[in-house]
file query.pdb (PDB, C-alpha atoms and all ligand atoms)
ATOM      1  CA  MET O 267       0.000   0.000   0.000
ATOM      2  CA  GLY O 268       1.502   3.359  -1.029
ATOM      3  CA  LEU O 269       1.996   6.259   1.370
ATOM      4  CA  LEU O 270      -0.680   8.316  -0.336
ATOM      5  CA  THR O 271      -3.209   5.504   0.077
ATOM      6  CA  ILE O 272      -2.341   5.210   3.774
ATOM      7  CA  ILE O 273      -2.741   8.972   4.291
ATOM      8  CA  LYS O 274      -6.046   8.945   2.400
ATOM      9  CA  LYS O 275      -7.345   6.054   4.524
ATOM     10  CA  GLN O 276      -6.274   7.805   7.732
ATOM     11  CA  LYS O 277      -8.012  11.014   6.629
ATOM     12  CA  GLN O 278     -11.190   9.051   5.936
ATOM     13  CA  LYS O 279     -10.964   7.387   9.321
ATOM     14  CA  ASP O 280     -10.762  10.829  10.916
ATOM     15  CA  LYS O 281     -14.060  11.654   9.289
ATOM     16  CA  GLU O 282     -15.805   8.406  10.084
ATOM     17  CA  VAL O 283     -19.570   8.669  10.325
ATOM     18  CA  LYS O 284     -21.125   5.931  12.424
ATOM     19  CA  CYS O 285     -24.632   5.127  11.231
ATOM     20  CA  LEU O 286     -26.872   2.793  13.147
ATOM     21  CA  LEU O 287     -29.344   1.076  10.818
ATOM     22  CA  LEU O 288     -32.400  -0.181  12.675
ATOM     23  CA  GLY O 289     -35.993  -1.080  11.883
ATOM     24  CA  LEU O 290     -38.304  -4.078  11.859
ATOM     25  CA  ASP O 291     -37.190  -7.380  10.387
ATOM     26  CA  ASN O 292     -37.870  -7.584   6.652
ATOM     27  CA  SER O 293     -38.035  -3.794   6.223
ATOM     28  CA  GLY O 294     -35.071  -3.988   3.849
ATOM     29  CA  LYS O 295     -32.133  -2.849   6.008
ATOM     30  CA  SER O 296     -29.549  -5.304   4.699
ATOM     31  CA  THR O 297     -30.631  -4.778   1.101
ATOM     32  CA  LEU O 298     -30.376  -1.033   1.656
ATOM     33  CA  VAL O 299     -26.859  -1.156   3.031
ATOM     34  CA  ASN O 300     -25.702  -3.484   0.268
ATOM     35  CA  ARG O 301     -27.198  -1.256  -2.403
ATOM     36  CA  LEU O 302     -25.664   1.851  -0.851
ATOM     37  CA  GLN O 303     -22.274   0.196  -0.696
ATOM     38  CA  ILE O 304     -22.477  -0.889  -4.313
ATOM     39  CA  SER O 305     -23.623   2.457  -5.620
ATOM     40  CA  CYS O 306     -21.223   4.517  -3.515
ATOM     41  CA  SER O 307     -18.023   2.523  -3.606
ATOM     42  CA  ASN O 308     -18.181   0.674  -6.859
ATOM     43  CA  GLU O 309     -19.971   2.945  -9.299
ATOM     44  CA  LYS O 310     -17.701   2.008 -12.159
ATOM     45  CA  GLN O 311     -18.131  -1.766 -11.866
ATOM     46  CA  PRO O 312     -21.532  -2.451 -10.317
ATOM     47  CA  SER O 313     -21.856  -5.781 -12.127
ATOM     48  CA  LEU O 314     -19.062  -7.213  -9.970
ATOM     49  CA  GLU O 315     -21.284  -6.891  -6.948
ATOM     50  CA  VAL O 316     -24.563  -8.189  -8.348
ATOM     51  CA  ASP O 317     -24.298 -11.382  -6.277
ATOM     52  CA  LYS O 318     -24.410  -9.302  -3.133
ATOM     53  CA  MET O 319     -27.952  -8.192  -3.946
ATOM     54  CA  THR O 320     -29.232 -11.727  -4.404
ATOM     55  CA  GLU O 321     -27.556 -13.090  -1.300
ATOM     56  CA  ILE O 322     -29.702 -11.385   1.339
ATOM     57  CA  THR O 323     -30.615 -13.573   4.309
ATOM     58  CA  PRO O 324     -32.018 -12.512   7.707
ATOM     59  CA  THR O 325     -29.301 -10.766   9.705
ATOM     60  CA  ILE O 326     -28.293 -12.695  12.782
ATOM     61  CA  GLY O 327     -26.823 -10.279  15.308
ATOM     62  CA  PHE O 328     -25.192  -7.452  13.374
ATOM     63  CA  ARG O 329     -22.662  -6.601  10.694
ATOM     64  CA  ILE O 330     -20.675  -3.470   9.939
ATOM     65  CA  ILE O 331     -20.253  -2.268   6.368
ATOM     66  CA  SER O 332     -17.900   0.650   5.627
ATOM     67  CA  PHE O 333     -17.439   2.620   2.428
ATOM     68  CA  PRO O 334     -16.460   6.150   1.469
ATOM     69  CA  ILE O 335     -18.867   8.881   0.418
ATOM     70  CA  LYS O 336     -17.075  12.057  -0.623
ATOM     71  CA  ASP O 337     -14.378  12.554   2.049
ATOM     72  CA  ASN O 338     -16.153  10.602   4.761
ATOM     73  CA  LEU O 339     -15.890   6.997   5.750
ATOM     74  CA  ILE O 340     -19.445   5.838   6.322
ATOM     75  CA  SER O 341     -19.735   2.868   8.685
ATOM     76  CA  ILE O 342     -23.189   1.385   8.746
ATOM     77  CA  TRP O 343     -24.082  -0.938  11.599
ATOM     78  CA  ASP O 344     -26.789  -3.214  10.234
ATOM     79  CA  ILE O 345     -28.508  -4.702  13.257
ATOM     80  CA  GLY O 346     -30.983  -7.597  13.122
ATOM     81  CA  GLY O 347     -34.599  -6.484  13.609
ATOM     82  CA  GLN O 348     -36.204  -9.682  14.917
ATOM     83  CA  THR O 349     -38.204  -9.363  18.137
ATOM     84  CA  SER O 350     -35.612 -11.300  20.116
ATOM     85  CA  LEU O 351     -32.849  -8.844  19.119
ATOM     86  CA  ARG O 352     -34.726  -5.588  19.801
ATOM     87  CA  PRO O 353     -33.937  -5.399  23.541
ATOM     88  CA  PHE O 354     -30.256  -5.102  22.549
ATOM     89  CA  TRP O 355     -30.669  -2.175  20.122
ATOM     90  CA  ASN O 356     -29.904   0.355  22.843
ATOM     91  CA  ASN O 357     -26.441  -1.107  23.304
ATOM     92  CA  TYR O 358     -25.286   0.035  19.888
ATOM     93  CA  PHE O 359     -25.877   3.790  20.248
ATOM     94  CA  ASP O 360     -22.460   4.748  21.614
ATOM     95  CA  LYS O 361     -20.755   7.319  19.305
ATOM     96  CA  THR O 362     -23.545   7.089  16.717
ATOM     97  CA  ASN O 363     -23.742  10.106  14.398
ATOM     98  CA  ILE O 364     -26.818   9.062  12.469
ATOM     99  CA  LEU O 365     -29.691   6.726  13.227
ATOM    100  CA  ILE O 366     -31.264   5.359  10.049
ATOM    101  CA  TRP O 367     -34.703   3.930  10.782
ATOM    102  CA  CYS O 368     -35.961   1.726   7.953
ATOM    103  CA  ILE O 369     -39.694   1.359   7.321
ATOM    104  CA  ASP O 370     -41.300  -0.902   4.712
ATOM    105  CA  ILE O 371     -43.692   1.637   3.219
ATOM    106  CA  SER O 372     -45.528  -1.107   1.312
ATOM    107  CA  ASP O 373     -46.555  -2.888   4.515
ATOM    108  CA  LEU O 374     -48.885  -0.506   6.326
ATOM    109  CA  ASN O 375     -50.046  -3.383   8.549
ATOM    110  CA  ARG O 376     -46.708  -3.222  10.356
ATOM    111  CA  LEU O 377     -46.401   0.564  10.474
ATOM    112  CA  HIS O 378     -47.838   0.753  13.978
ATOM    113  CA  GLU O 379     -45.320  -1.828  15.219
ATOM    114  CA  SER O 380     -42.465   0.067  13.562
ATOM    115  CA  ILE O 381     -43.463   3.440  15.037
ATOM    116  CA  ASN O 382     -43.959   1.839  18.439
ATOM    117  CA  GLU O 383     -40.452   0.358  18.406
ATOM    118  CA  LEU O 384     -38.964   3.657  17.276
ATOM    119  CA  ARG O 385     -40.839   5.446  20.017
ATOM    120  CA  LYS O 386     -39.581   3.027  22.658
ATOM    121  CA  LEU O 387     -36.057   3.620  21.436
ATOM    122  CA  LEU O 388     -36.116   7.393  21.155
ATOM    123  CA  ILE O 389     -38.737   9.018  23.283
ATOM    124  CA  THR O 390     -38.570   9.844  26.919
ATOM    125  CA  LYS O 391     -40.538  12.273  29.086
ATOM    126  CA  SER O 392     -38.770  15.495  29.955
ATOM    127  CA  CYS O 393     -38.567  15.685  33.723
ATOM    128  CA  ASP O 394     -36.027  18.397  34.574
ATOM    129  CA  VAL O 395     -38.288  21.247  33.518
ATOM    130  CA  GLU O 396     -40.110  21.239  36.831
ATOM    131  CA  GLY O 397     -36.850  21.733  38.752
ATOM    132  CA  GLU O 398     -35.765  24.577  36.492
ATOM    133  CA  GLN O 399     -38.987  26.477  37.030
ATOM    134  CA  GLY O 400     -38.157  27.335  40.624
ATOM    135  CA  GLU O 401     -40.597  28.539  43.222
ATOM    136  CA  GLY O 402     -44.067  29.670  42.332
ATOM    137  CA  GLU O 403     -44.480  26.995  39.682
ATOM    138  CA  GLY O 404     -47.960  25.827  38.833
ATOM    139  CA  ASP O 405     -49.654  28.757  40.546
ATOM    140  CA  GLY O 406     -51.659  29.512  37.474
ATOM    141  CA  ASP O 407     -50.163  32.921  36.779
ATOM    142  CA  GLY O 408     -46.591  31.792  36.195
ATOM    143  CA  ASP O 409     -44.775  30.648  33.123
ATOM    144  CA  GLY O 410     -47.429  28.765  31.183
ATOM    145  CA  ASP O 411     -44.980  27.587  28.525
ATOM    146  CA  ALA O 412     -42.650  26.017  31.058
ATOM    147  CA  GLU O 413     -45.572  24.297  32.725
ATOM    148  CA  ALA O 414     -46.688  22.916  29.395
ATOM    149  CA  GLU O 415     -43.137  21.652  28.785
ATOM    150  CA  ALA O 416     -43.110  19.516  31.927
ATOM    151  CA  GLY O 417     -43.602  15.862  31.046
ATOM    152  CA  LYS O 418     -43.393  16.617  27.338
ATOM    153  CA  ASP O 419     -42.159  13.823  25.040
ATOM    154  CA  VAL O 420     -38.590  14.493  23.977
ATOM    155  CA  ILE O 421     -36.096  12.620  21.838
ATOM    156  CA  ALA O 422     -33.490  11.140  24.139
ATOM    157  CA  VAL O 423     -30.761  10.333  21.635
ATOM    158  CA  ASP O 424     -28.121  12.760  20.521
ATOM    159  CA  CYS O 425     -27.805  12.046  16.810
ATOM    160  CA  LYS O 426     -29.293  12.923  13.500
ATOM    161  CA  ILE O 427     -32.260  10.707  12.594
ATOM    162  CA  ILE O 428     -33.139   9.684   9.065
ATOM    163  CA  ILE O 429     -36.390   7.834   8.542
ATOM    164  CA  VAL O 430     -36.133   5.773   5.378
ATOM    165  CA  LEU O 431     -39.394   4.869   3.674
ATOM    166  CA  ASN O 432     -38.203   1.836   1.738
ATOM    167  CA  LYS O 433     -39.749  -0.426  -0.935
ATOM    168  CA  VAL O 434     -41.377   2.462  -2.753
ATOM    169  CA  ASP O 435     -41.109   0.400  -5.954
ATOM    170  CA  LEU O 436     -43.876  -1.871  -4.639
ATOM    171  CA  ILE O 437     -46.201   1.107  -4.280
ATOM    172  CA  SER O 438     -45.397   2.635  -7.623
ATOM    173  CA  ARG O 439     -46.023  -0.759  -9.245
ATOM    174  CA  GLY O 440     -49.280  -1.083  -7.293
ATOM    175  CA  ASP O 441     -48.182  -4.456  -5.856
ATOM    176  CA  CYS O 442     -49.295  -3.868  -2.297
ATOM    177  CA  GLY O 443     -52.977  -3.420  -3.092
ATOM    178  CA  ALA O 444     -52.940   0.299  -2.225
ATOM    179  CA  THR O 445     -55.838   2.277  -3.576
ATOM    180  CA  THR O 446     -54.192   5.676  -3.145
ATOM    181  CA  GLY O 447     -51.155   7.063  -4.959
ATOM    182  CA  GLN O 448     -47.520   6.978  -3.861
ATOM    183  CA  GLU O 449     -47.523  10.574  -2.661
ATOM    184  CA  ASP O 450     -50.619  10.018  -0.502
ATOM    185  CA  ILE O 451     -49.091   6.938   1.105
ATOM    186  CA  GLU O 452     -45.800   8.752   1.715
ATOM    187  CA  ASN O 453     -47.613  11.664   3.357
ATOM    188  CA  GLN O 454     -49.768   9.333   5.410
ATOM    189  CA  VAL O 455     -46.715   7.440   6.696
ATOM    190  CA  ARG O 456     -44.823  10.655   7.482
ATOM    191  CA  LEU O 457     -47.780  12.037   9.411
ATOM    192  CA  ARG O 458     -48.185   8.837  11.383
ATOM    193  CA  VAL O 459     -44.483   8.810  12.264
ATOM    194  CA  VAL O 460     -44.481  12.484  13.218
ATOM    195  CA  SER O 461     -47.554  12.165  15.402
ATOM    196  CA  GLY O 462     -46.439   8.775  16.779
ATOM    197  CA  LEU O 463     -43.215  10.367  17.979
ATOM    198  CA  SER O 464     -45.015  13.521  19.140
ATOM    199  CA  LEU O 465     -42.685  15.494  16.896
ATOM    200  CA  SER O 466     -43.239  18.874  15.498
ATOM    201  CA  LEU O 467     -41.065  18.935  12.388
ATOM    202  CA  ALA O 468     -41.113  22.731  12.506
ATOM    203  CA  ASP O 469     -39.254  22.530  15.833
ATOM    204  CA  ASP O 470     -36.424  20.570  14.367
ATOM    205  CA  ASP O 471     -34.241  23.446  13.307
ATOM    206  CA  GLY O 472     -31.889  25.419  15.440
ATOM    207  CA  ASP O 473     -33.073  24.596  18.944
ATOM    208  CA  GLY O 474     -30.510  21.912  19.624
ATOM    209  CA  SER O 475     -32.931  19.017  19.186
ATOM    210  CA  PRO O 476     -31.933  16.268  16.762
ATOM    211  CA  ARG O 477     -32.907  16.815  13.186
ATOM    212  CA  VAL O 478     -35.352  14.267  11.810
ATOM    213  CA  SER O 479     -35.598  13.851   8.071
ATOM    214  CA  PHE O 480     -37.364  11.485   5.700
ATOM    215  CA  VAL O 481     -36.038   9.781   2.585
ATOM    216  CA  THR O 482     -38.191   7.674   0.277
ATOM    217  CA  CYS O 483     -36.360   5.001  -1.678
ATOM    218  CA  SER O 484     -36.187   1.510  -3.045
ATOM    219  CA  ALA O 485     -33.195  -0.505  -1.893
ATOM    220  CA  LEU O 486     -33.993  -2.984  -4.637
ATOM    221  CA  THR O 487     -34.013  -0.616  -7.619
ATOM    222  CA  GLY O 488     -31.764   2.081  -6.147
ATOM    223  CA  VAL O 489     -34.356   4.848  -6.619
ATOM    224  CA  GLY O 490     -33.923   7.592  -4.010
ATOM    225  CA  LEU O 491     -30.566   6.394  -2.707
ATOM    226  CA  ARG O 492     -28.616   9.425  -3.910
ATOM    227  CA  PRO O 493     -30.404  11.825  -1.524
ATOM    228  CA  LEU O 494     -29.804   9.303   1.261
ATOM    229  CA  ALA O 495     -26.079   9.175   0.441
ATOM    230  CA  GLU O 496     -26.049  12.995   0.462
ATOM    231  CA  GLU O 497     -27.642  13.051   3.903
ATOM    232  CA  LEU O 498     -25.118  10.548   5.235
ATOM    233  CA  SER O 499     -22.171  12.556   4.046
ATOM    234  CA  SER O 500     -23.457  16.065   4.735
ATOM    235  CA  PRO O 501     -21.305  17.952   7.233
ATOM    236  CA  ASP O 502     -24.121  18.608   9.709
ATOM    237  CA  SER O 503     -24.271  14.889  10.354
ATOM    238  CA  LEU O 504     -20.894  15.045  12.082
TER     239      LEU O 504
HETATM  240  N1  LIG T   1     -39.552  -4.785  -3.700
HETATM  241  C1  LIG T   1     -38.617  -4.500  -2.811
HETATM  242  N2  LIG T   1     -38.153  -5.478  -1.990
HETATM  243  C2  LIG T   1     -37.186  -5.136  -1.121
HETATM  244  C3  LIG T   1     -36.670  -3.827  -0.996
HETATM  245  N3  LIG T   1     -35.742  -3.839  -0.015
HETATM  246  C4  LIG T   1     -35.682  -5.087   0.459
HETATM  247  N4  LIG T   1     -36.547  -5.890  -0.207
HETATM  248  C5  LIG T   1     -36.799  -7.314   0.029
HETATM  249  O1  LIG T   1     -37.301  -7.467   1.347
HETATM  250  C6  LIG T   1     -36.827  -8.676   1.923
HETATM  251  C7  LIG T   1     -36.155  -8.389   3.252
HETATM  252  O2  LIG T   1     -34.998  -7.635   3.004
HETATM  253  P1  LIG T   1     -33.797  -7.546   4.059
HETATM  254  O3  LIG T   1     -32.804  -6.591   3.497
HETATM  255  O4  LIG T   1     -33.324  -8.903   4.441
HETATM  256  O5  LIG T   1     -34.563  -6.900   5.323
HETATM  257  P2  LIG T   1     -34.014  -6.716   6.813
HETATM  258  O6  LIG T   1     -34.551  -7.861   7.607
HETATM  259  O7  LIG T   1     -34.586  -5.421   7.278
HETATM  260  O8  LIG T   1     -32.522  -6.693   6.750
HETATM  261  C8  LIG T   1     -35.901  -9.310   0.902
HETATM  262  O9  LIG T   1     -36.629 -10.282   0.183
HETATM  263  C9  LIG T   1     -35.522  -8.143  -0.018
HETATM  264  O10 LIG T   1     -35.237  -8.544  -1.322
HETATM  265  C10 LIG T   1     -37.188  -2.819  -1.875
HETATM  266  O11 LIG T   1     -36.826  -1.646  -1.864
HETATM  267  N5  LIG T   1     -38.166  -3.220  -2.743
HETATM  268 MG    MG T   2     -31.034  -7.862   7.705
END
call {"tool": "encode", "arguments": {"input": "query.pdb", "output": "structure tokens", "more": "lines below"}}
Ligand SMILES: Nc1nc2c(ncn2[C@@H]2O[C@H](COP(=O)(O)OP(=O)(O)O)[C@@H](O)[C@H]2O)c(=O)[nH]1
Ligand SMILES: [Mg+2]
result
Amino acid sequence: MGLLTIIKKQKQKDKEVKCLLLGLDNSGKSTLVNRLQISCSNEKQPSLEVDKMTEITPTIGFRIISFPIKDNLISIWDIGGQTSLRPFWNNYFDKTNILIWCIDISDLNRLHESINELRKLLITKSCDVEGEQGEGEGDGDGDGDAEAEAGKDVIAVDCKIIIVLNKVDLISRGDCGATTGQEDIENQVRLRVVSGLSLSLADDDGDGSPRVSFVTCSALTGVGLRPLAEELSSPDSL
């Protein structure tokens, strides 16, 4: 390995972005990470990696896949989503820059389960607000906003969150029996996630709370993966 290669690798390591990829089993996490790796690290010879896309089996435990995007080394931790593995998800958060939550947008029957799991992982009740209010709290004429804040749902993790709405190809092909269009389903899923997490997307900017964004894609066809790659490598994710 030449000196330049070593320096380049070290520089990439310095800018490593740890992404935790979670979501229900069968939502397409492993396919997504394989497709991202192929399209980001091997654009010139994608045919060499075709086998990787046909080899997907349920992930037992976890695997780590690393590849460069722009100047960053993206390390994606693909964690199994089966019920038995979910209690361990919390253990992987250390030093995570980005949480990627994968939802199968074609399977609305499991959307509730997915949002519930995400909620369990992220949301906690704020409890320090009461202490900060000081004396005179709750007397009816005090700081109404602060009172309203007490016990409010807040996101407890300190990383950027990307919600991936995967398998959009199944909706555009009409395979999942949906009677409404792709845009309607996307909006419906976003709204359910936002209200399920008690988020106000308008609050996401500038107040120190983690930024939540949505990306719609198909890990199978590759549609929508470029914006996801952009999000992973954008400087505000570091
Ligand atoms: N049609 C379609 N199928 C997908 C897509 N992503 C994953 N799959 C399929 O969904 C199944 C589960 O995928 P997998 O990556 O193992 O899901 P995981 O359990 O979340 O890791 C596999 O049969 C994949 O081929 C997608 O975007 N579109
Ligand atoms: Mg998997």
call {"tool": "residues_near_ligand", "arguments": {"input": "query.pdb", "ligand": "ligand MG 2 (chain T)", "cutoff": "9 Å", "atoms": "only C-alpha atoms and all ligand atoms", "output": "PyMOL selection string"}}
result
chain O and resi 291-297+322-326+328-329+344-347
call {"tool": "write_last_selection", "arguments": {"input": "query.pdb", "atoms": "C-alpha atoms", "output": "mmCIF file, in the coordinates of the input"}}
result
data_model
loop_
_atom_site.group_PDB
_atom_site.id
_atom_site.type_symbol
_atom_site.label_atom_id
_atom_site.label_comp_id
_atom_site.auth_asym_id
_atom_site.auth_seq_id
_atom_site.Cartn_x
_atom_site.Cartn_y
_atom_site.Cartn_z
ATOM 1 C CA ASP O 291 -37.190 -7.380 10.387
ATOM 2 C CA ASN O 292 -37.870 -7.584 6.652
ATOM 3 C CA SER O 293 -38.035 -3.794 6.223
ATOM 4 C CA GLY O 294 -35.071 -3.988 3.849
ATOM 5 C CA LYS O 295 -32.133 -2.849 6.008
ATOM 6 C CA SER O 296 -29.549 -5.304 4.699
ATOM 7 C CA THR O 297 -30.631 -4.778 1.101
ATOM 8 C CA ILE O 322 -29.702 -11.385 1.339
ATOM 9 C CA THR O 323 -30.615 -13.573 4.309
ATOM 10 C CA PRO O 324 -32.018 -12.512 7.707
ATOM 11 C CA THR O 325 -29.301 -10.766 9.705
ATOM 12 C CA ILE O 326 -28.293 -12.695 12.782
ATOM 13 C CA PHE O 328 -25.192 -7.452 13.374
ATOM 14 C CA ARG O 329 -22.662 -6.601 10.694
ATOM 15 C CA ASP O 344 -26.789 -3.214 10.234
ATOM 16 C CA ILE O 345 -28.508 -4.702 13.257
ATOM 17 C CA GLY O 346 -30.983 -7.597 13.122
ATOM 18 C CA GLY O 347 -34.599 -6.484 13.609
#
call {"tool": "closest_residue", "arguments": {"input": "query.pdb", "among": "O:Asn375, O:Ser479, O:Thr362, O:Gln348", "to": "ligand LIG 1 (chain T)", "atoms": "all atoms listed in the file"}}
result
O:Gln348
call {"tool": "residues_around", "arguments": {"input": "query.pdb", "residues": "O:Val430", "least_positions_apart": "5", "cutoff": "7 Å", "atoms": "all atoms listed in the file", "output": "PDB file with C-alpha atoms, keeping the file's coordinate frame"}}
result
ATOM      1  CA  ILE O 366     -31.264   5.359  10.049  1.00  0.00           C
ATOM      2  CA  TRP O 367     -34.703   3.930  10.782  1.00  0.00           C
ATOM      3  CA  CYS O 368     -35.961   1.726   7.953  1.00  0.00           C
ATOM      4  CA  ILE O 369     -39.694   1.359   7.321  1.00  0.00           C
ATOM      5  CA  PHE O 480     -37.364  11.485   5.700  1.00  0.00           C
ATOM      6  CA  VAL O 481     -36.038   9.781   2.585  1.00  0.00           C
ATOM      7  CA  THR O 482     -38.191   7.674   0.277  1.00  0.00           C
TER       8      THR O 482
END
call {"tool": "atom_distance", "arguments": {"input": "query.pdb", "atom1": "atom CA of O:Val434", "atom2": "atom CA of O:Ser461"}}
result
21.5 Å
call {"tool": "resolve_selection", "arguments": {"input": "query.pdb", "expression": "the PyMOL selection byres (((chain O and resi 493) around 12) and not hetatm)", "output": "list in words"}}
result
Leu302, Cys306, Ile428, Val430, Ser479, Phe480, Val481, Thr482, Cys483, Ser484, Gly488, Val489, Gly490, Leu491, Arg492, Leu494, Ala495, Glu496, Glu497, Leu498, Ser499 and Ser500 of chain O
call {"tool": "closest_residue", "arguments": {"input": "query.pdb", "among": "O:Lys386, O:Lys418, O:Arg458, O:Arg376", "to": "O:Pro353", "atoms": "all atoms listed in the file"}}
result
O:Lys386
call {"tool": "atom_distance", "arguments": {"input": "query.pdb", "atom1": "atom CA of O:Gly289", "atom2": "atom O7 of ligand LIG 1 (chain T)"}}
result
6.5 Å
call {"tool": "closest_residue", "arguments": {"input": "query.pdb", "among": "O:Arg385, O:Arg301, O:Arg352, O:Lys281", "to": "ligand LIG 1 (chain T)", "atoms": "all atoms listed in the file"}}
result
O:Arg301
call {"tool": "atom_distance", "arguments": {"input": "query.pdb", "atom1": "atom CA of O:Asn432", "atom2": "atom C9 of ligand LIG 1 (chain T)"}}
result
10.5 Å
call {"tool": "closest_residue", "arguments": {"input": "query.pdb", "among": "O:Ser464, O:Ser380, O:Asn453, O:Thr487", "to": "O:Thr349", "atoms": "all atoms listed in the file"}}
result
O:Ser380
call {"tool": "closest_residue", "arguments": {"input": "query.pdb", "among": "O:Val459, O:Leu290, O:Leu374, O:Cys425", "to": "ligand LIG 1 (chain T)", "atoms": "all atoms listed in the file"}}
result
O:Leu290
call {"tool": "closest_residue", "arguments": {"input": "query.pdb", "among": "O:Leu431, O:Ile437, O:Leu286, O:Leu463", "to": "O:Ile342", "atoms": "all atoms listed in the file"}}
result
O:Leu286
call {"tool": "residues_around", "arguments": {"input": "query.pdb", "residues": "O:Ile364", "least_positions_apart": "4", "cutoff": "7 Å", "atoms": "only C-alpha atoms", "output": "list in words"}}
result
Lys284, Cys285, Leu286, Cys425, Lys426, Ile427 and Ser503 of chain O
call {"tool": "residues_near_point", "arguments": {"input": "query.pdb", "point": "(-44.3, -0.2, 1.6)", "cutoff": "6 Å", "atoms": "all atoms listed in the file", "output": "short mmCIF file (atom, residue, chain, number, x, y, z; two decimals) with C-alpha atoms, keeping the file's coordinate frame"}}
result
data_model
loop_
_atom_site.label_atom_id
_atom_site.label_comp_id
_atom_site.auth_asym_id
_atom_site.auth_seq_id
_atom_site.Cartn_x
_atom_site.Cartn_y
_atom_site.Cartn_z
CA ASP O 370 -41.30 -0.90 4.71
CA ILE O 371 -43.69 1.64 3.22
CA SER O 372 -45.53 -1.11 1.31
CA ASP O 373 -46.56 -2.89 4.51
CA LYS O 433 -39.75 -0.43 -0.94
CA VAL O 434 -41.38 2.46 -2.75
#
call {"tool": "resolve_selection", "arguments": {"input": "query.pdb", "expression": "the PyMOL selection byres (((chain O and resi 332-339) around 6) and not hetatm)", "output": "list of chain:residue names"}}
result
O:Gln278, O:Lys281, O:Glu282, O:Ile331, O:Ile340, O:Ser341
call {"tool": "build_atoms", "arguments": {"input": "query.pdb", "residues": "stretch 421-434 of chain O", "atoms": "N, CA and C atoms", "output": "CSV table (one decimal), keeping the file's coordinate frame"}}
result
chain,number,residue,atom,x,y,z
O,421,ILE,N,-37.0,13.6,22.4
O,421,ILE,CA,-36.1,12.6,21.8
O,421,ILE,C,-34.8,12.5,22.7
O,422,ALA,N,-34.6,11.3,23.1
O,422,ALA,CA,-33.5,11.1,24.1
O,422,ALA,C,-32.1,10.8,23.5
O,423,VAL,N,-32.1,10.7,22.2
O,423,VAL,CA,-30.8,10.3,21.6
O,423,VAL,C,-30.2,11.6,21.0
O,424,ASP,N,-28.8,11.6,21.0
O,424,ASP,CA,-28.1,12.8,20.5
O,424,ASP,C,-27.5,12.5,19.1
O,425,CYS,N,-28.3,12.3,18.2
O,425,CYS,CA,-27.8,12.0,16.8
O,425,CYS,C,-28.9,12.5,15.8
O,426,LYS,N,-28.4,12.6,14.6
O,426,LYS,CA,-29.3,12.9,13.5
O,426,LYS,C,-30.1,11.7,13.2
O,427,ILE,N,-31.4,11.9,12.8
O,427,ILE,CA,-32.3,10.7,12.6
O,427,ILE,C,-32.8,10.8,11.2
O,428,ILE,N,-32.6,9.7,10.4
O,428,ILE,CA,-33.1,9.7,9.1
O,428,ILE,C,-34.1,8.5,9.0
O,429,ILE,N,-35.4,8.9,8.7
O,429,ILE,CA,-36.4,7.8,8.5
O,429,ILE,C,-36.5,7.5,7.1
O,430,VAL,N,-36.1,6.2,6.8
O,430,VAL,CA,-36.1,5.8,5.4
O,430,VAL,C,-37.4,5.0,5.1
O,431,LEU,N,-38.2,5.5,4.1
O,431,LEU,CA,-39.4,4.9,3.7
O,431,LEU,C,-39.0,4.0,2.5
O,432,ASN,N,-38.8,2.7,2.8
O,432,ASN,CA,-38.2,1.8,1.7
O,432,ASN,C,-39.3,1.1,1.0
O,433,LYS,N,-38.9,0.4,-0.1
O,433,LYS,CA,-39.7,-0.4,-0.9
O,433,LYS,C,-40.8,0.4,-1.7
O,434,VAL,N,-40.4,1.6,-2.0
O,434,VAL,CA,-41.4,2.5,-2.8
O,434,VAL,C,-41.7,1.9,-4.1
